[in-house]
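Peer 1: My structure file run-v7.txt, compact mmCIF, C-alpha atoms, is below:
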```txt
# COMPACT_ATOMS: atom_id res chain seq x y z
CA MET A 953 -8.14 83.89 19.68
CA SER A 954 -7.44 80.22 19.26
CA ILE A 955 -9.94 77.39 19.29
CA ILE A 956 -8.25 75.88 22.36
CA PHE A 957 -8.87 79.06 24.30
CA LEU A 958 -12.56 79.04 23.35
CA ILE A 959 -12.99 75.42 24.43
CA LEU A 960 -11.21 75.97 27.75
CA ALA A 961 -13.16 79.17 28.37
CA ALA A 962 -16.43 77.35 27.73
CA ILE A 963 -15.44 74.57 30.18
CA THR A 964 -14.45 77.08 32.86
CA ILE A 965 -17.55 79.24 32.51
CA THR A 966 -19.81 76.18 32.50
CA GLY A 967 -18.19 74.83 35.65
CA ALA A 968 -18.34 78.14 37.48
CA SER A 969 -21.96 78.84 36.50
CA ALA A 970 -23.07 75.36 37.48
CA ALA A 971 -21.22 75.66 40.80
CA MET A 972 -23.15 78.82 41.59
CA GLY A 973 -26.50 77.74 40.20
CA LEU A 974 -27.13 74.10 41.04
CA ARG A 975 -29.35 73.06 43.93
CA ASN A 976 -27.52 70.01 45.28
CA LEU A 977 -24.48 71.20 47.21
CA ILE A 978 -22.35 68.17 46.32
CA HIS A 979 -23.09 68.78 42.64
CA CYS A 980 -22.06 72.40 43.16
CA VAL A 981 -18.63 71.37 44.44
CA LEU A 982 -18.17 68.85 41.62
CA ALA A 983 -18.96 71.55 39.05
CA LEU A 984 -16.56 73.86 40.86
CA THR A 985 -13.84 71.22 40.44
CA LEU A 986 -14.52 71.27 36.70
CA GLY A 987 -14.12 75.04 36.68
CA PHE A 988 -10.82 74.84 38.56
CA VAL A 989 -9.50 72.21 36.15
CA GLY A 990 -10.42 74.49 33.25
CA LEU A 991 -8.54 77.35 34.88
CA ALA A 992 -5.50 75.13 35.39
CA MET A 993 -5.61 74.23 31.69
CA LEU A 994 -5.75 77.94 30.84
CA TYR A 995 -2.63 78.52 32.96
CA LEU A 996 -0.88 75.69 31.13
CA GLU A 997 -1.90 77.17 27.80
CA LEU A 998 -0.47 80.53 28.87
CA GLY A 999 2.90 78.93 29.58
CA ALA A 1000 2.76 78.99 33.39
CA GLN A 1001 3.24 75.28 34.06
CA PHE A 1002 4.14 75.60 37.72
CA VAL A 1003 1.07 77.72 38.50
CA GLY A 1004 -1.15 75.31 36.57
CA PHE A 1005 -0.01 72.30 38.57
CA THR A 1006 -0.18 74.29 41.80
CA GLN A 1007 -3.75 75.18 40.92
CA ILE A 1008 -4.63 71.50 40.49
CA LEU A 1009 -2.86 70.52 43.72
CA VAL A 1010 -4.28 73.28 45.90
CA TYR A 1011 -7.76 73.86 44.50
CA VAL A 1012 -8.81 70.53 43.02
CA GLY A 1013 -6.91 68.51 45.60
CA ALA A 1014 -7.41 70.49 48.78
CA VAL A 1015 -10.05 73.22 48.63
CA ALA A 1016 -12.68 71.16 46.80
CA ILE A 1017 -12.19 68.16 49.12
CA LEU A 1018 -12.32 70.45 52.15
CA SER A 1019 -15.59 71.94 50.88
CA VAL A 1020 -17.07 68.47 50.33
CA PHE A 1021 -16.15 67.51 53.90
CA ALA A 1022 -17.66 70.71 55.28
CA ILE A 1023 -20.88 70.15 53.29
CA MET A 1024 -21.16 66.55 54.48
CA MET A 1025 -20.59 67.59 58.09
CA THR A 1026 -23.30 70.25 57.91
CA ARG A 1027 -25.73 68.08 55.98
CA SER A 1028 -29.50 68.54 56.23
CA ALA A 1029 -29.07 71.99 57.69
CA GLY A 1030 -28.85 74.23 54.68
CA PRO A 1031 -31.56 76.50 53.39
CA ASP A 1032 -32.03 74.41 50.23
CA ALA A 1033 -34.53 72.08 51.88
CA GLU A 1034 -37.08 74.82 52.42
CA ALA A 1035 -37.39 75.54 48.70
CA GLU A 1036 -34.98 78.30 47.92
CA ALA A 1037 -37.13 80.07 45.38
CA ALA A 1038 -35.36 80.28 42.04
CA LEU A 1039 -36.34 83.87 41.36
CA SER A 1040 -36.55 85.43 44.78
CA ALA A 1041 -35.60 89.02 45.48
CA SER A 1042 -32.07 88.18 46.59
CA TRP A 1043 -31.42 86.23 43.39
CA ILE A 1044 -32.61 89.08 41.21
CA SER A 1045 -30.62 91.72 43.08
CA GLY A 1046 -27.48 89.55 43.06
CA LEU A 1047 -27.75 88.90 39.33
CA VAL A 1048 -28.37 92.60 38.61
CA VAL A 1049 -25.30 93.67 40.62
CA ALA A 1050 -23.12 91.00 39.02
CA GLY A 1051 -24.37 91.90 35.53
CA ALA A 1052 -23.66 95.58 36.11
CA THR A 1053 -20.16 94.73 37.35
CA PHE A 1054 -19.50 92.65 34.27
CA ALA A 1055 -20.83 95.40 32.01
CA VAL A 1056 -18.49 97.97 33.55
CA LEU A 1057 -15.49 95.62 33.39
CA ALA A 1058 -16.18 94.59 29.80
CA TRP A 1059 -16.66 98.20 28.74
CA ALA A 1060 -13.34 99.15 30.31
CA ILE A 1061 -11.55 96.20 28.68
CA ILE A 1062 -12.98 96.71 25.21
CA THR A 1063 -12.47 100.47 25.07
CA SER A 1064 -8.91 100.30 26.40
CA ASN A 1065 -6.17 100.33 23.80
CA ILE A 1066 -4.42 96.99 24.25
CA THR A 1067 -1.54 96.60 21.85
CA ALA A 1068 0.01 93.43 23.20
CA ALA A 1069 1.22 91.50 20.21
CA ALA A 1070 1.26 87.73 20.30
CA SER A 1071 4.83 87.27 21.45
CA ALA A 1072 6.76 84.06 21.73
CA GLN A 1073 5.87 81.82 24.64
CA PRO A 1074 8.24 82.69 27.51
CA GLU A 1075 10.30 79.79 28.76
CA VAL A 1076 10.10 79.54 32.54
CA SER A 1077 11.53 76.51 34.27
CA VAL A 1078 10.79 75.47 37.83
CA LYS A 1079 14.45 76.17 38.56
CA ASP A 1080 13.95 79.84 37.68
CA ILE A 1081 10.96 80.05 39.99
CA GLY A 1082 12.90 78.38 42.79
CA ASN A 1083 15.81 80.77 42.35
CA ALA A 1084 13.48 83.77 42.44
CA LEU A 1085 11.71 82.43 45.55
CA MET A 1086 15.00 81.90 47.35
CA HIS A 1087 16.58 85.23 46.39
CA ASN A 1088 14.24 88.08 45.53
CA TYR A 1089 11.17 86.74 47.28
CA ALA A 1090 12.72 85.05 50.33
CA VAL A 1091 11.05 87.31 52.90
CA PRO A 1092 7.54 87.02 51.39
CA LEU A 1093 8.03 83.25 51.28
CA GLU A 1094 8.86 83.13 55.00
CA ILE A 1095 5.91 85.37 55.82
CA MET A 1096 3.67 83.09 53.78
CA GLY A 1097 4.89 80.08 55.75
CA LEU A 1098 4.14 81.90 59.00
CA LEU A 1099 0.67 82.86 57.75
CA LEU A 1100 -0.13 79.29 56.70
CA THR A 1101 1.01 77.93 60.08
CA ALA A 1102 -1.08 80.50 61.94
CA ALA A 1103 -4.10 79.78 59.72
CA LEU A 1104 -3.75 76.02 60.28
CA ILE A 1105 -3.57 76.37 64.07
CA GLY A 1106 -6.35 78.96 64.07
CA ALA A 1107 -8.67 76.82 61.95
CA VAL A 1108 -8.16 73.80 64.21
CA ILE A 1109 -8.77 75.86 67.37
CA VAL A 1110 -11.87 77.54 65.95
CA ALA A 1111 -13.39 74.25 64.76
CA MET A 1112 -12.48 72.30 67.93
CA PRO A 1113 -15.44 71.40 70.16
CA GLN A 1114 -15.35 73.52 73.26
CA GLU A 1115 -15.04 71.82 76.62
CA LYS A 1116 -17.70 72.54 79.12
CA ALA A 1117 -16.33 74.67 81.96
CA PRO A 1118 -16.36 72.71 85.23
CA MET B 626 -9.37 91.32 19.28
CA THR B 627 -6.04 90.42 20.81
CA PRO B 628 -5.62 87.27 22.92
CA LEU B 629 -5.12 89.41 26.02
CA THR B 630 -8.58 90.93 25.56
CA GLY B 631 -10.08 87.46 25.43
CA TYR B 632 -8.42 86.44 28.68
CA LEU B 633 -9.45 89.67 30.39
CA LEU B 634 -13.06 89.23 29.28
CA LEU B 635 -13.07 85.61 30.49
CA SER B 636 -11.65 86.73 33.82
CA ALA B 637 -14.33 89.43 34.16
CA MET B 638 -16.98 86.81 33.41
CA ILE B 639 -15.67 84.40 36.08
CA PHE B 640 -15.53 87.27 38.56
CA SER B 641 -19.16 88.20 37.81
CA VAL B 642 -20.33 84.60 38.19
CA GLY B 643 -18.59 84.36 41.55
CA LEU B 644 -20.01 87.71 42.64
CA ALA B 645 -23.54 86.67 41.67
CA GLY B 646 -23.19 83.45 43.66
CA ALA B 647 -21.68 85.16 46.70
CA LEU B 648 -24.45 87.74 46.73
CA SER B 649 -27.46 85.54 46.11
CA ARG B 650 -26.78 82.10 47.61
CA ARG B 651 -27.80 81.64 51.21
CA ASN B 652 -25.59 78.71 52.16
CA ALA B 653 -22.40 79.89 53.84
CA ILE B 654 -20.20 77.29 52.12
CA LEU B 655 -21.42 78.36 48.68
CA VAL B 656 -20.72 81.99 49.50
CA LEU B 657 -17.16 80.96 50.36
CA ILE B 658 -16.91 79.10 47.04
CA GLY B 659 -18.05 82.24 45.21
CA ILE B 660 -15.28 84.22 46.90
CA GLU B 661 -12.79 81.56 45.79
CA LEU B 662 -14.00 81.99 42.21
CA MET B 663 -13.44 85.74 42.39
CA LEU B 664 -9.88 85.20 43.67
CA ASN B 665 -9.25 82.79 40.79
CA ALA B 666 -10.43 85.40 38.28
CA ALA B 667 -7.83 87.80 39.68
CA ASN B 668 -5.16 85.08 39.37
CA LEU B 669 -6.06 84.56 35.72
CA ASN B 670 -5.60 88.28 35.14
CA PHE B 671 -2.14 88.18 36.72
CA ILE B 672 -1.04 85.27 34.54
CA ALA B 673 -2.46 86.82 31.36
CA PHE B 674 -0.72 90.14 31.99
CA TRP B 675 2.52 88.31 32.77
CA ARG B 676 2.30 86.32 29.53
CA TYR B 677 1.54 89.29 27.27
CA GLY B 678 3.44 91.90 29.26
CA PRO B 679 6.66 93.57 28.14
CA ASN B 680 9.00 91.69 30.49
CA PRO B 681 7.94 88.08 31.14
CA ALA B 682 11.43 87.14 32.36
CA ALA B 683 10.83 89.08 35.60
CA LEU B 684 8.34 86.41 36.83
CA THR B 685 6.28 88.98 38.77
CA GLY B 686 2.90 87.66 37.65
CA ILE B 687 3.78 84.07 38.51
CA MET B 688 5.10 85.05 41.95
CA PHE B 689 2.01 87.09 42.77
CA THR B 690 -0.23 84.21 41.68
CA ILE B 691 1.66 81.66 43.80
CA PHE B 692 1.35 83.84 46.91
CA SER B 693 -2.30 84.55 46.10
CA ILE B 694 -3.04 80.81 45.89
CA GLY B 695 -1.37 80.33 49.29
CA ILE B 696 -3.45 83.07 50.88
CA ALA B 697 -6.62 81.65 49.32
CA ALA B 698 -5.84 78.25 50.84
CA ALA B 699 -5.44 79.80 54.29
CA GLU B 700 -8.68 81.74 53.80
CA ALA B 701 -10.59 78.61 52.82
CA ALA B 702 -9.31 76.68 55.84
CA VAL B 703 -10.19 79.41 58.34
CA GLY B 704 -13.54 80.13 56.67
CA LEU B 705 -14.65 76.49 56.72
CA GLY B 706 -13.49 76.21 60.35
CA ILE B 707 -15.64 79.19 61.29
CA ILE B 708 -18.61 77.72 59.40
CA LEU B 709 -18.20 74.42 61.28
CA ALA B 710 -18.01 76.27 64.62
CA VAL B 711 -21.17 78.25 63.81
CA TYR B 712 -22.91 75.07 62.68
CA ARG B 713 -22.08 73.35 65.95
CA HIS B 714 -23.53 76.30 67.81
CA THR B 715 -26.73 76.93 65.84
CA LYS B 716 -27.20 73.67 63.80
CA ASN B 717 -27.59 75.79 60.69
CA THR B 718 -25.56 77.10 57.77
CA ASP B 719 -28.20 79.48 56.43
CA LEU B 720 -26.74 82.96 56.37
CA ASP B 721 -30.16 84.55 56.83
CA GLN B 722 -30.51 82.77 60.17
CA MET B 723 -27.12 83.92 61.46
CA ASN B 724 -28.32 87.11 63.08
CA SER B 725 -27.16 86.70 66.67
CA MET B 726 -24.67 89.56 66.28
CA LYS B 727 -27.17 91.82 64.53
CA GLY B 728 -27.23 95.33 65.94
```
Will you turn the file into structure tokens for me?

Peer 2:
Amino acid sequence: MSIIFLILAAITITGASAAMGLRNLIHCVLALTLGFVGLAMLYLELGAQFVGFTQILVYVGAVAILSVFAIMMTRSAGPDAEAEAALSASWISGLVVAGATFAVLAWAIITSNITAAASAQPEVSVKDIGNALMHNYAVPLEIMGLLLTAALIGAVIVAMPQEKAP
Amino acid sequence: MTPLTGYLLLSAMIFSVGLAGALSRRNAILVLIGIELMLNAANLNFIAFWRYGPNPAALTGIMFTIFSIGIAAAEAAVGLGIILAVYRHTKNTDLDQMNSMKG
């Protein structure tokens, strides 16, 4: 358990908690960006460089910006204006369910017999990942491209303003 | 406490934070963000198991995470499109007010 891991874990947890707890929606997305950056740093520390940079590109670069645009387009419509009570029934029930989930997960993790020794950092180059994507995982890659195309077209069609029927 | 246990506990914590937000926030965009956090917790698990697993040369964890990130991007795009369409219809993003399909 290195000190770097503790620092990165603290950054990630702080960002995620602030993203879920803050009132101002823009502040929520900014805190979420901090959490995603912390996760990307954790990937880098685990030796998965490609995934770490993909995380920054996709989440920090695309998803967070998309969320900011969606929030700005739906401004002054959210429920936060009418005083979302900090300790309403839905908050308490949500926190209880999440706490119970964490308790079960942590119990399962701690009682399980994990004997993974600290092995040497595996060396994975982008060339290896490209070779694997082009050989073993070629069909999933094509299906992913099809799914992304369909999702792009579908999102545009769903969000397009509908013409009035003549 | 092995390093893998630390990563698994951190992942469980991120998942719980995302679950709490998705269950208790009332803004649709924040619920979507909570779901993204839960997906990211699963990705962290994949990478941690790949790193401390018996055969890291097989690249399975990295591949699964790359595809999972792609699917999460598609999900975010479609979800935000649906939220924008609903907002144009009802001028609201409060999930408690979206009851027009309630049985």

Peer 1: Pull the neighbourhood of (-20.0, 78.8, 36.1) for me: all residues within 9 Å in file coordinates, counting all atoms listed in the file, as an NGL selection string.

Peer 2: (:A and (963-973 or 983-984 or 987)) or (:B and (638-639 or 642-643))

Peer 1: Show me which bits of chain B are within 7 Å of chain A, counting all atoms listed in the file, as number ranges by chain.

Peer 2: B: 627-628, 630, 634-635, 637-639, 641-642, 644-646, 648-649, 651-652, 676-677, 681, 687, 691, 698-699, 701-703, 705-707, 709-710, 712, 716-719

Peer 1: I'd like the interatomic distance between CA of Met688 (chain B) and CA of Ile1008 (chain A), to a tenth of an Å.

Peer 2: 16.7 Å

Peer 1: Please indicate the distance in Å from CA of Thr715 (chain B) to CA of Glu1115 (chain A), rounded to one decimal place.

Peer 2: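 These two atoms are separated by 16.7 Å.
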
Peer 1: Just give me the gap between CA of Ile660 (chain B) and CA of Ile694 (chain B) in Å, one decimal is fine.

Peer 2: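 Pair CA of Ile660 (chain B) / CA of Ile694 (chain B) returns 12.7 Å.
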